[in-house]
$ cat target-v5.txt   # compact mmCIF, C-alpha atoms
# COMPACT_ATOMS: atom_id res chain seq x y z
CA MET D 292 7.85 -24.35 -3.69
CA THR D 293 5.67 -26.97 -2.00
CA SER D 294 2.29 -28.10 -3.23
CA VAL D 295 0.72 -26.61 -0.08
CA GLY D 296 2.28 -23.23 -0.80
CA ARG D 297 1.08 -23.33 -4.41
CA LEU D 298 -2.44 -24.21 -3.31
CA VAL D 299 -2.55 -21.33 -0.85
CA LEU D 300 -1.32 -18.85 -3.45
CA VAL D 301 -3.87 -20.10 -6.02
CA CYS D 302 -6.64 -19.72 -3.43
CA LEU D 303 -5.57 -16.19 -2.54
CA PHE D 304 -5.49 -15.29 -6.24
CA PHE D 305 -9.01 -16.62 -6.89
CA LEU D 306 -10.35 -14.94 -3.79
CA THR D 307 -8.90 -11.62 -4.87
CA VAL D 308 -10.26 -11.95 -8.42
CA LEU D 309 -13.70 -12.88 -7.16
CA SER D 310 -13.73 -10.02 -4.68
CA LEU D 311 -13.15 -7.68 -7.64
CA LEU D 312 -16.43 -8.86 -9.11
CA THR D 313 -18.37 -7.92 -6.02
CA PRO D 314 -20.01 -4.50 -6.29
CA THR D 315 -20.77 -3.95 -2.60
CA ALA D 316 -17.63 -2.23 -1.37
CA ALA D 317 -17.36 0.74 0.95
CA LEU D 318 -14.70 3.25 1.91
CA ALA D 319 -12.74 1.31 4.47
CA GLN D 320 -11.31 4.16 6.61
CA GLU D 321 -8.52 1.88 7.81
CA ASN D 322 -5.70 2.86 10.09
CA PRO D 323 -2.27 2.55 8.42
CA TYR D 324 -0.58 0.29 11.01
CA PHE D 325 0.99 -3.05 10.14
CA VAL D 326 1.83 -4.25 13.66
CA ALA D 327 -0.01 -2.05 16.17
CA TYR D 328 -3.79 -2.35 16.63
CA ASP D 329 -6.23 0.39 17.54
CA HIS D 330 -9.60 -0.12 19.23
CA TYR D 331 -11.79 -0.02 16.14
CA MET D 332 -13.60 -3.20 15.20
CA GLU D 333 -14.63 -4.29 11.73
CA GLU D 334 -18.20 -3.14 11.03
CA PRO D 335 -20.71 -5.96 11.75
CA GLY D 336 -21.30 -8.21 8.75
CA ASN D 337 -18.40 -6.76 6.72
CA LEU D 338 -15.57 -8.89 5.35
CA GLU D 339 -12.16 -7.43 4.70
CA ILE D 340 -9.76 -9.32 2.45
CA GLU D 341 -6.17 -8.24 2.87
CA TYR D 342 -2.80 -9.06 1.36
CA PHE D 343 0.45 -7.89 2.96
CA SER D 344 4.14 -8.24 2.16
CA THR D 345 7.31 -7.67 4.12
CA PHE D 346 10.70 -7.45 2.46
CA GLY D 347 13.52 -7.74 4.97
CA THR D 348 17.28 -7.50 4.78
CA GLN D 349 19.38 -10.15 6.48
CA ARG D 350 22.98 -9.74 7.61
CA SER D 351 25.16 -12.80 6.96
CA GLY D 352 22.30 -14.46 5.11
CA ASN D 353 19.68 -14.20 2.39
CA ASP D 354 17.14 -11.39 2.29
CA PHE D 355 13.50 -12.50 2.39
CA HIS D 356 10.01 -11.60 1.26
CA ALA D 357 7.29 -12.74 3.63
CA PHE D 358 3.59 -12.47 2.72
CA TRP D 359 0.27 -13.14 4.30
CA GLY D 360 -3.43 -13.01 3.51
CA GLU D 361 -6.03 -11.92 6.07
CA PHE D 362 -9.78 -12.46 6.13
CA GLU D 363 -11.27 -10.14 8.72
CA TYR D 364 -14.94 -10.38 9.61
CA GLY D 365 -17.04 -8.17 11.87
CA ALA D 366 -19.04 -10.73 13.84
CA THR D 367 -20.65 -8.02 15.99
CA ALA D 368 -19.89 -4.38 16.77
CA TRP D 369 -17.74 -5.60 19.71
CA TRP D 370 -16.14 -8.76 18.24
CA THR D 371 -13.91 -9.03 15.17
CA THR D 372 -12.51 -12.37 14.04
CA GLU D 373 -9.68 -12.83 11.57
CA PHE D 374 -7.99 -15.72 9.76
CA TYR D 375 -4.44 -15.51 8.36
CA LEU D 376 -2.43 -17.61 5.92
CA ASP D 377 1.33 -16.97 6.00
CA GLY D 378 4.20 -17.76 3.64
CA GLN D 379 7.66 -16.54 2.72
CA THR D 380 10.34 -16.59 0.06
CA THR D 381 13.96 -16.58 1.18
CA PHE D 382 16.10 -15.53 -1.74
CA ASN D 383 18.50 -18.24 -2.97
CA ASP D 384 16.55 -20.73 -0.87
CA SER D 385 12.84 -21.49 -1.38
CA THR D 386 9.22 -20.34 -1.08
CA ILE D 387 7.15 -22.06 1.58
CA PHE D 388 3.80 -21.91 3.34
CA THR D 389 4.55 -21.21 7.00
CA GLY D 390 1.22 -21.60 8.78
CA PHE D 391 -2.09 -20.05 9.79
CA ARG D 392 -3.43 -17.88 12.58
CA TRP D 393 -6.87 -17.27 14.01
CA GLU D 394 -7.30 -13.98 15.80
CA ASN D 395 -10.17 -12.52 17.82
CA ARG D 396 -10.54 -9.02 19.20
CA PHE D 397 -13.13 -8.04 21.79
CA ARG D 398 -14.11 -4.50 22.66
CA VAL D 399 -14.41 -4.35 26.43
CA LEU D 400 -16.39 -1.15 27.05
CA LYS D 401 -19.72 -0.21 25.50
CA ARG D 402 -18.94 3.46 24.96
CA GLU D 403 -16.04 5.58 23.84
CA HIS D 404 -13.66 6.70 26.61
CA LEU D 405 -10.36 8.54 26.90
CA ILE D 406 -8.61 5.15 26.78
CA ASN D 407 -10.42 2.28 25.09
CA PRO D 408 -9.32 -1.26 25.98
CA VAL D 409 -9.60 -4.16 23.55
CA PHE D 410 -8.73 -7.75 24.46
CA TYR D 411 -6.99 -9.77 21.74
CA VAL D 412 -6.47 -13.52 21.65
CA GLU D 413 -4.86 -15.47 18.81
CA TYR D 414 -3.99 -19.09 18.07
CA GLU D 415 -0.98 -19.63 15.79
CA ASN D 416 -0.15 -22.87 14.03
CA LYS D 417 3.08 -22.19 12.17
CA ASN D 418 6.60 -23.43 11.66
CA SER D 419 9.90 -21.79 12.57
CA ALA D 420 10.37 -20.50 9.02
CA ASP D 421 7.64 -17.88 9.61
CA LYS D 422 9.08 -14.44 8.80
CA ILE D 423 6.12 -12.09 8.62
CA LEU D 424 7.28 -10.20 11.73
CA LYS D 425 3.70 -9.33 12.61
CA GLU D 426 4.80 -8.71 16.20
CA GLY D 427 7.95 -8.40 18.27
CA GLU D 428 8.10 -10.88 21.12
CA GLY D 429 10.47 -12.52 23.58
CA HIS D 430 14.08 -12.79 22.48
CA ASP D 431 13.36 -12.95 18.73
CA VAL D 432 16.46 -11.61 16.95
CA GLU D 433 17.71 -11.28 13.38
CA SER D 434 20.04 -14.29 13.57
CA ASP D 435 17.01 -16.60 14.12
CA PHE D 436 16.31 -16.16 10.39
CA LEU D 437 19.68 -17.59 9.29
CA ILE D 438 18.39 -21.17 9.45
CA SER D 439 17.52 -22.59 6.02
CA ASN D 440 13.85 -23.05 5.14
CA ALA D 441 14.28 -26.81 4.88
CA GLU D 442 15.50 -26.98 8.47
CA ALA D 443 13.26 -24.30 9.96
CA ARG D 444 10.03 -25.76 8.61
CA LYS D 445 10.63 -28.99 10.52
CA GLU D 446 9.85 -27.29 13.82
CA HIS D 447 6.12 -26.78 14.34
CA ILE D 448 4.87 -24.12 16.74
CA HIS D 449 1.46 -23.97 18.38
CA GLU D 450 1.18 -20.68 20.17
CA ILE D 451 -1.43 -18.66 22.03
CA GLU D 452 -0.92 -14.93 21.92
CA MET D 453 -2.78 -12.36 23.96
CA LYS D 454 -2.71 -8.59 23.76
CA LEU D 455 -4.19 -5.75 25.71
CA ILE D 456 -4.82 -2.91 23.28
CA LEU D 457 -5.22 0.55 24.81
CA SER D 458 -6.18 3.12 22.22
CA SER D 459 -7.28 6.76 22.27
CA THR D 460 -8.45 9.26 19.72
CA PHE D 461 -7.81 12.95 20.33
CA LYS D 462 -8.15 15.86 17.88
CA GLY D 463 -8.01 13.49 14.92
CA TRP D 464 -4.95 11.64 16.24
CA ASN D 465 -5.03 7.98 17.18
CA PHE D 466 -2.61 6.86 19.88
CA THR D 467 -2.37 3.19 20.66
CA GLU D 468 -0.34 0.98 22.97
CA ASN D 469 -0.34 -2.82 22.74
CA THR D 470 1.11 -5.12 25.39
CA LEU D 471 1.69 -8.69 24.25
CA ALA D 472 2.07 -12.02 26.08
CA ALA D 473 2.62 -15.19 24.04
CA LYS D 474 2.93 -18.82 25.11
CA ASN D 475 4.29 -21.58 22.95
CA LEU D 476 2.10 -24.53 23.90
CA SER D 477 5.15 -26.76 24.15
CA ASN D 478 7.18 -26.36 27.30
CA SER D 479 8.36 -22.78 26.72
CA PRO D 480 8.08 -19.74 28.97
CA TRP D 481 5.71 -16.85 28.42
CA GLU D 482 7.21 -14.23 26.10
CA PHE D 483 6.41 -10.53 26.06
CA GLY D 484 6.40 -7.68 23.59
CA TYR D 485 5.00 -4.23 22.90
CA ALA D 486 3.83 -1.99 20.08
CA PHE D 487 3.04 1.72 19.97
CA GLY D 488 1.40 3.67 17.20
CA ALA D 489 0.29 7.21 16.39
CA SER D 490 -1.54 8.26 13.24
CA ARG D 491 -3.72 11.02 11.84
CA PRO D 492 -5.58 11.70 8.58
CA LEU D 493 -3.95 14.44 6.52
CA ALA D 494 -7.24 16.39 6.64
CA LEU D 495 -10.01 16.14 9.22
CA LYS D 496 -12.89 17.60 7.20
CA ALA D 497 -14.35 15.65 4.29
CA SER D 498 -14.49 17.26 0.90
CA ALA D 499 -17.88 18.15 -0.56
CA LYS D 500 -16.74 16.61 -3.86
CA ARG D 501 -16.14 12.97 -4.65
CA CYS D 502 -12.42 12.51 -4.92
CA THR D 503 -9.71 9.89 -4.75
CA LEU D 504 -6.71 12.07 -4.01
CA CYS D 505 -8.30 14.25 -1.30
CA ARG D 506 -6.12 14.67 1.78
CA GLN D 507 -8.76 13.12 4.04
CA ASN D 508 -8.23 9.78 2.27
CA PHE D 509 -4.60 9.59 3.42
CA ILE D 510 -3.59 8.62 6.95
CA GLY D 511 0.02 8.93 8.04
CA GLY D 512 1.77 7.93 11.21
CA VAL D 513 4.49 5.99 12.93
CA GLU D 514 4.69 2.73 14.84
CA MET D 515 7.31 1.16 17.08
CA TYR D 516 7.45 -2.43 18.28
CA GLY D 517 9.76 -5.00 19.80
CA GLY D 518 10.32 -7.80 22.29
CA LEU D 519 10.53 -7.60 26.05
CA GLY D 520 12.13 -10.97 26.82
CA ASP D 521 10.41 -13.84 28.58
CA ARG D 522 9.33 -14.90 32.03
CA HIS D 523 12.85 -15.99 33.00
CA SER D 524 14.69 -12.97 31.59
CA PHE D 525 12.35 -10.03 31.24
CA GLY D 526 13.85 -6.87 29.75
CA LEU D 527 15.45 -5.39 26.67
CA HIS D 528 18.64 -7.46 26.43
CA ASP D 529 18.80 -9.80 23.41
CA THR D 530 15.65 -8.36 21.92
CA SER D 531 14.91 -6.64 18.61
CA HIS D 532 13.13 -3.32 18.14
CA TYR D 533 11.82 -1.43 15.13
CA VAL D 534 10.42 1.94 14.22
CA ALA D 535 8.42 2.42 11.01
CA GLN D 536 6.69 5.20 9.19
CA VAL D 537 3.20 4.16 8.04
CA LEU D 538 0.97 5.59 5.32
CA GLY D 539 -2.50 4.42 4.31
CA TRP D 540 -4.59 5.53 1.34
CA ASN D 541 -8.31 4.77 1.60
CA LEU D 542 -9.79 4.78 -1.90
CA PRO D 543 -13.51 5.51 -2.34
CA SER D 544 -13.81 2.25 -4.32
CA GLY D 545 -13.33 0.22 -1.13
CA TRP D 546 -9.64 -0.47 -1.57
CA THR D 547 -6.96 0.57 0.89
CA LEU D 548 -3.25 0.69 0.07
CA ARG D 549 -0.62 0.78 2.78
CA ILE D 550 3.13 1.21 2.77
CA SER D 551 5.65 1.27 5.57
CA PRO D 552 9.44 1.52 5.54
CA GLY D 553 10.82 0.31 8.88
CA PHE D 554 14.23 0.35 10.50
CA GLY D 555 15.87 -1.82 13.13
CA LEU D 556 16.90 0.06 16.25
CA ASN D 557 19.67 -2.24 17.49
CA ASP D 558 22.11 -4.87 16.27
CA ASN D 559 19.64 -7.69 16.97
CA SER D 560 17.12 -6.24 14.50
CA HIS D 561 16.91 -6.49 10.72
CA ARG D 562 18.36 -3.28 9.38
CA PHE D 563 15.50 -2.54 6.98
CA LEU D 564 11.94 -3.79 6.54
CA MET D 565 9.75 -2.64 3.68
CA ARG D 566 6.09 -3.48 4.09
CA TRP D 567 3.15 -2.90 1.78
CA GLY D 568 -0.39 -4.16 1.60
CA VAL D 569 -3.71 -3.96 -0.16
CA THR D 570 -7.12 -4.31 1.47
CA ARG D 571 -10.61 -4.66 0.06
CA GLU D 572 -13.63 -4.17 2.30
CA ILE D 573 -16.87 -5.90 1.31
CA THR D 574 -19.95 -4.65 3.08
CA GLY D 575 -22.87 -6.86 3.95
CA PHE D 576 -20.97 -10.13 3.55
CA GLY D 577 -22.85 -11.75 6.44
CA SER D 578 -26.21 -10.83 4.88
CA MET D 579 -25.11 -12.22 1.50
CA VAL D 580 -24.28 -15.58 3.04
CA ASN D 581 -27.50 -15.50 5.02
CA ARG D 582 -29.56 -14.84 1.87
CA LEU D 583 -27.77 -17.55 -0.05
CA PHE D 584 -28.63 -20.14 2.57
CA GLY D 585 -32.28 -19.10 2.75
CA GLY D 586 -32.15 -16.55 5.55
CA ARG D 587 -34.68 -13.77 5.96
CA LYS D 588 -35.26 -11.67 2.83
CA MET N 144 0.12 -35.54 3.25
CA LYS N 145 -2.05 -34.51 6.17
CA ALA N 146 -0.88 -30.91 5.75
CA VAL N 147 -1.72 -31.01 2.04
CA ALA N 148 -5.20 -32.34 2.79
CA THR N 149 -5.76 -29.65 5.42
CA ALA N 150 -4.58 -26.93 3.04
CA ARG N 151 -6.90 -28.29 0.31
CA ALA N 152 -9.84 -28.25 2.72
CA VAL N 153 -9.08 -24.69 3.84
CA CYS N 154 -8.71 -23.50 0.24
CA ALA N 155 -11.89 -25.27 -0.85
CA SER N 156 -13.78 -23.50 1.96
CA PHE N 157 -12.43 -20.12 0.96
CA LEU N 158 -13.19 -20.71 -2.70
CA ALA N 159 -16.75 -21.66 -1.79
CA VAL N 160 -17.03 -18.48 0.24
CA SER N 161 -15.67 -16.52 -2.72
CA VAL N 162 -18.30 -17.93 -5.05
CA VAL N 163 -20.99 -17.04 -2.52
CA LEU N 164 -19.55 -13.56 -2.37
CA ALA N 165 -19.45 -13.05 -6.11
CA GLN N 166 -22.96 -14.40 -6.67
CA SER N 167 -24.67 -12.77 -3.73
CA GLY N 168 -23.23 -9.36 -4.52
CA ASN N 169 -25.59 -9.13 -7.47
CA THR N 170 -28.70 -9.78 -5.41
CA ASP N 171 -31.18 -6.94 -5.69
CA ARG N 172 -31.87 -5.02 -2.54
CA PRO N 173 -35.44 -4.70 -1.31
CA PRO N 174 -37.14 -1.44 -2.30
CA ALA N 175 -37.24 1.37 0.20
CA SER N 176 -40.94 0.84 0.73
CA ALA N 177 -40.18 -2.64 2.06
CA ALA N 178 -38.15 -1.23 4.95
CA PRO N 179 -39.50 -2.63 8.21
CA LYS N 180 -41.17 -0.52 10.85
CA TYR N 181 -39.10 -0.17 13.99
CA ASP N 182 -40.16 -0.40 17.55
CA PRO N 183 -39.89 3.18 18.89
CA ALA N 184 -37.91 1.69 21.79
CA ILE N 185 -34.93 1.36 19.48
CA TYR N 186 -34.65 5.12 19.47
CA ALA N 187 -34.42 5.15 23.26
CA GLU N 188 -30.64 5.13 22.93
CA LEU N 189 -30.87 8.78 21.95
CA GLN N 190 -32.29 9.58 25.38
CA LYS N 191 -29.13 8.25 27.01
CA ALA N 192 -27.01 11.14 25.76
CA PRO N 193 -25.70 13.17 28.73
CA GLU N 194 -27.00 16.71 28.97
CA LYS N 195 -23.61 18.23 28.23
CA ALA N 196 -23.33 16.23 25.00
CA ARG N 197 -26.94 16.98 24.07
CA ASN N 198 -26.37 20.71 24.28
CA ARG N 199 -23.25 20.80 22.12
CA PRO N 200 -23.88 22.96 19.05
CA ASN N 201 -22.74 21.81 15.63
CA PRO N 202 -19.59 23.85 14.85
CA LEU N 203 -20.30 23.32 11.13
CA GLN N 204 -23.89 24.56 11.34
CA ASN N 205 -23.08 27.45 9.00
CA ASP N 206 -20.60 25.61 6.78
CA PRO N 207 -22.11 25.70 3.28
CA ASP N 208 -20.34 22.47 2.27
CA ALA N 209 -21.22 20.41 5.32
CA VAL N 210 -24.42 18.84 3.95
CA ALA N 211 -22.85 17.86 0.64
CA ALA N 212 -19.78 16.39 2.37
CA GLY N 213 -22.03 14.64 4.88
CA ALA N 214 -24.07 13.09 2.07
CA ILE N 215 -20.95 11.52 0.59
CA LEU N 216 -19.83 10.26 4.00
CA PHE N 217 -23.31 8.84 4.60
CA GLU N 218 -23.21 6.95 1.32
CA GLN N 219 -19.74 5.56 2.13
CA HIS N 220 -20.29 4.54 5.72
CA CYS N 221 -23.95 4.49 6.69
CA ALA N 222 -26.14 3.66 3.67
CA GLU N 223 -25.32 -0.06 3.81
CA CYS N 224 -27.33 -0.41 7.04
CA HIS N 225 -29.60 2.64 7.18
CA GLY N 226 -30.55 2.59 3.50
CA LYS N 227 -29.50 4.87 0.65
CA SER N 228 -32.10 7.48 1.64
CA ALA N 229 -31.77 6.78 5.38
CA GLU N 230 -35.17 5.07 5.21
CA GLY N 231 -33.92 2.15 7.32
CA SER N 232 -33.51 -1.51 6.55
CA ARG N 233 -33.78 -4.72 8.46
CA LYS N 234 -30.27 -4.02 9.80
CA ALA N 235 -30.80 -0.52 11.18
CA PRO N 236 -33.62 1.94 11.86
CA SER N 237 -34.80 4.83 9.73
CA LEU N 238 -33.10 8.15 10.34
CA LEU N 239 -36.13 9.99 8.96
CA ALA N 240 -38.12 9.13 12.07
CA PRO N 241 -39.20 12.09 14.23
CA GLU N 242 -37.14 10.72 17.15
CA VAL N 243 -33.98 11.28 15.11
CA GLN N 244 -35.03 14.44 13.32
CA ASN N 245 -36.11 16.09 16.58
CA ALA N 246 -32.93 15.12 18.40
CA THR N 247 -30.36 17.88 18.93
CA PRO N 248 -27.19 17.85 16.78
CA GLY N 249 -25.21 17.14 19.94
CA THR N 250 -27.29 14.03 20.66
CA LEU N 251 -26.72 12.63 17.18
CA PHE N 252 -23.01 13.42 17.41
CA TRP N 253 -22.83 11.62 20.77
CA LEU N 254 -24.57 8.53 19.38
CA LEU N 255 -22.34 8.48 16.32
CA THR N 256 -19.23 8.79 18.48
CA ASN N 257 -20.20 6.07 20.98
CA GLY N 258 -22.22 3.73 18.78
CA VAL N 259 -24.60 1.21 20.30
CA VAL N 260 -22.24 -1.73 20.18
CA ARG N 261 -24.61 -4.18 21.83
CA LYS N 262 -27.15 -3.44 19.06
CA LYS N 263 -24.76 -3.62 16.09
CA MET N 264 -24.22 0.13 15.69
CA PRO N 265 -20.42 0.55 15.46
CA VAL N 266 -18.42 3.26 17.18
CA TRP N 267 -17.69 5.91 14.55
CA SER N 268 -15.07 7.88 16.43
CA LYS N 269 -12.62 6.62 13.83
CA LEU N 270 -14.07 9.34 11.63
CA PRO N 271 -12.50 12.66 12.69
CA GLU N 272 -14.78 15.00 14.64
CA PRO N 273 -15.44 17.41 11.73
CA GLN N 274 -16.60 14.48 9.56
CA ARG N 275 -19.00 13.32 12.28
CA TRP N 276 -20.43 16.84 12.48
CA GLN N 277 -20.78 16.85 8.67
CA LEU N 278 -22.74 13.60 8.93
CA VAL N 279 -24.98 15.14 11.59
CA ARG N 280 -25.66 18.12 9.32
CA TYR N 281 -26.65 15.76 6.52
CA VAL N 282 -28.91 13.60 8.67
CA LYS N 283 -30.64 16.68 10.07
CA SER N 284 -31.06 18.05 6.55
CA LEU N 285 -33.16 15.00 5.62
CA GLY N 286 -36.02 16.42 7.65
CA ARG N 287 -36.32 19.42 5.36
CA PRO N 288 -35.99 19.99 1.61
CA VAL N 289 -32.32 20.44 0.64
CA PRO N 290 -31.60 23.56 -1.44
CA ALA N 291 -30.00 22.75 -4.79
CA SER N 292 -26.76 24.47 -3.76
CA GLU N 293 -26.35 22.01 -0.85
CA SER N 294 -26.88 18.83 -2.88
CA PRO N 295 -23.86 16.54 -3.18
CA ALA N 296 -22.04 16.37 -6.48
CA PRO N 297 -23.47 13.65 -8.71
CA LYS N 298 -21.57 10.38 -8.97
CA PRO N 299 -19.20 10.40 -11.95
$ encode --input "target-v5.txt" --output "structure tokens"
Amino acid sequence: MTSVGRLVLVCLFFLTVLSLLTPTAALAQENPYFVAYDHYMEEPGNLEIEYFSTFGTQRSGNDFHAFWGEFEYGATAWWTTEFYLDGQTTFNDSTIFTGFRWENRFRVLKREHLINPVFYVEYENKNSADKILKEGEGHDVESDFLISNAEARKEHIHEIEMKLILSSTFKGWNFTENTLAAKNLSNSPWEFGYAFGASRPLALKASAKRCTLCRQNFIGGVEMYGGLGDRHSFGLHDTSHYVAQVLGWNLPSGWTLRISPGFGLNDNSHRFLMRWGVTREITGFGSMVNRLFGGRK
Amino acid sequence: MKAVATARAVCASFLAVSVVLAQSGNTDRPPASAAPKYDPAIYAELQKAPEKARNRPNPLQNDPDAVAAGAILFEQHCAECHGKSAEGSRKAPSLLAPEVQNATPGTLFWLLTNGVVRKKMPVWSKLPEPQRWQLVRYVKSLGRPVPASESPAPKP
């Protein structure tokens, strides 16, 4: 493992430990998706610290465990900004840091409508060894992951990714559709992808008692995502597609746990992906920083 | 080496932020009496509710558990900005004000559903409809004494 990778892991560890010491947490009420996005922004001033893992099987190669940390901040009620650090372990190969991402989501309309659009823009600075599979795009296929970490990390990728998120909530259900366009800033064509999601809490009414295992704290659903080729060869040929069951558990202590077994839908896809994640929401983070630097009391 | 230096800088920044987080979390909050007075204009958003939304009755009006459930939801999602007793803070106005207490349940439900995103009030439609109505019941109950049977269960 490289010194960069070790540093990142140490930082994530300290951040997690320190977040445990912070008393100002709130029930996060997170959706359970790993890939799809809905139209809900992070509450203004709140910071969400997240850790996610993906275990994936690999035909004709070594299975892998990719992981990433997210720091999601509600800048305003209509703008959420998020910073990612990515890494992966390929079994019988190595563990490496694969890059960072900076994501921004903007709510377009002031009020709630039948369909709520959100504009998403992200900058990615990563290498070709990145395996977090946070989206399906272009002609990404399973065999791309056969290259050894030592070789793959030599290729650096600077990419801009944009999404149009269209999300609705009806009778407790959330339905969301994401359309993706990504451009490698080197001389590569635009690539496209999609994601769909549907989810619902197991109970719509809140309990009158404080509880951790109440049905309203669990949200279940399904998501589907994949690539749609690129500007020169748009379509489904030579693309990978996945469907995954998703389950989220929002604990009253401010933690959210998520798990998602996913399955490849064609021969270009990894046969099985197992994802899990843990999230901690910290309310009033912006005010804390403001107070520390002498802001208004 | 450049990548190592960049990673060190990024990690140092996040560690600094973490320390800020851990230290500031223990800062005492100002007492309720210190809550600022709000310009009545801030409540003007309530007037923007369409008539159809304003006239919607609360389907949980007669639910005996609605106030207690709403109190827990309020503590989890609203107290950070509106104050533990809904007295308001410098982030968000008091919900004890007559403008709020005299508003119809449908108006409060509409505001909760749509938020006031340009003024930092998030959209709360991510809470299922029955939970939003439970919150409305709780907020409306703050304008009158709550019978003991409707009080939320104490924190363990």
$ closest_atom_pairs --input "target-v5.txt" --of "range 226-293 of chain N" --to "range 366-376 of chain D" --cutoff "6 Å" --atoms "all atoms listed in the file" --output "tab-separated table"
residue	atom	partner	partner_atom	distance
N:Val260	CA	D:Ala368	CA	4.9
N:Lys263	CA	D:Ala368	CA	5.0
N:Pro265	CA	D:Ala368	CA	5.1
$ write_last_selection --input "target-v5.txt" --atoms "C-alpha atoms" --output "CSV table (one decimal), in the coordinates of the input"
chain,number,residue,atom,x,y,z
N,260,VAL,CA,-22.2,-1.7,20.2
N,263,LYS,CA,-24.8,-3.6,16.1
N,265,PRO,CA,-20.4,0.6,15.5
$ atom_distance --input "target-v5.txt" --atom1 "CA of Val279 in chain N" --atom2 "CA of Ile185 in chain N"
18.7 Å
$ axis_aligned_box --input "target-v5.txt" --around "range 217-236 of chain N" --padding-each-side "8 Å" --output "JSON"
{"center_x": -27.5, "center_y": 2.1, "center_z": 6.3, "size_x": 31.4, "size_y": 29.6, "size_z": 27.2}
$ residues_around --input "target-v5.txt" --residues "Gln244 in chain N" --least-positions-apart "4" --cutoff "8 Å" --atoms "all atoms listed in the file" --output "list in words"
Leu238, Leu239, Ala240, Val282, Lys283, Leu285 and Gly286 of chain N
$ closest_residue --input "target-v5.txt" --among "N:Arg199, N:Glu230, N:Glu242, N:Pro273" --to "chain D" --atoms "only C-alpha atoms"
N:Pro273
$ residues_around --input "target-v5.txt" --residues "Pro552 in chain D" --least-positions-apart "6" --cutoff "10 Å" --atoms "only C-alpha atoms" --output "ChimeraX atom specification"
/D:345-346,513,534-538,563-567
$ residues_around --input "target-v5.txt" --residues "His220 in chain N" --least-positions-apart "4" --cutoff "12 Å" --atoms "all atoms listed in the file" --output "number ranges by chain"
D: 315-320, 334, 337, 543, 545, 572-575; N: 213-216, 224-227, 229, 255, 264-267, 269-270, 274-275, 278
$ closest_atom_pairs --input "target-v5.txt" --of "range 299-418 of chain D" --to "range 465-481 of chain D" --cutoff "10 Å" --atoms "all atoms listed in the file" --output "tab-separated table"
residue	atom	partner	partner_atom	distance
D:Asn322	CA	D:Asn465	CA	8.8
D:Val326	CA	D:Asn469	CA	9.4
D:Ala327	CA	D:Asn469	CA	6.6
D:Tyr328	CA	D:Thr467	CA	7.0
D:Asp329	CA	D:Thr467	CA	5.7
D:His330	CA	D:Thr467	CA	8.1
D:Ile406	CA	D:Thr467	CA	9.0
D:Asn407	CA	D:Thr467	CA	9.2
D:Pro408	CA	D:Asn469	CA	9.7
D:Val409	CA	D:Asn469	CA	9.4
D:Phe410	CA	D:Asn469	CA	9.9
D:Tyr411	CA	D:Leu471	CA	9.1
D:Val412	CA	D:Ala473	CA	9.5
D:Glu413	CA	D:Ala473	CA	9.1
D:Tyr414	CA	D:Ala473	CA	9.7
D:Glu415	CA	D:Asn475	CA	9.1
$ closest_residue --input "target-v5.txt" --among "N:Pro241, N:Pro207, N:Gly231, N:Pro248" --to "chain D" --atoms "all atoms listed in the file"
N:Pro207
$ closest_residue --input "target-v5.txt" --among "N:Ser228, N:Asn205, N:Gln219, N:Ser237" --to "Pro183 in chain N" --atoms "only C-alpha atoms"
N:Ser237
$ closest_residue --input "target-v5.txt" --among "D:Cys505, D:Leu400, D:Leu548, D:Met453" --to "chain N" --atoms "all atoms listed in the file"
D:Leu400
$ residues_around --input "target-v5.txt" --residues "range 491-496 of chain D" --least-positions-apart "3" --cutoff "7 Å" --atoms "all atoms listed in the file" --output "PyMOL selection string"
(chain D and resi 463-465+506-507+509-512) or (chain N and resi 271+273-274)
$ atom_distance --input "target-v5.txt" --atom1 "CA of Asn559 in chain D" --atom2 "CA of Ser344 in chain D"
21.4 Å
$ closest_residue --input "target-v5.txt" --among "D:Leu457, D:Leu542, D:Cys502, D:Ala497" --to "chain N" --atoms "all atoms listed in the file"
D:Ala497
$ atom_distance --input "target-v5.txt" --atom1 "CA of Asp558 in chain D" --atom2 "CA of Ile438 in chain D"
18.1 Å
$ closest_residue --input "target-v5.txt" --among "N:Val243, N:Ala222, N:Ala196, N:Leu251" --to "chain D" --atoms "only C-alpha atoms"
N:Ala222
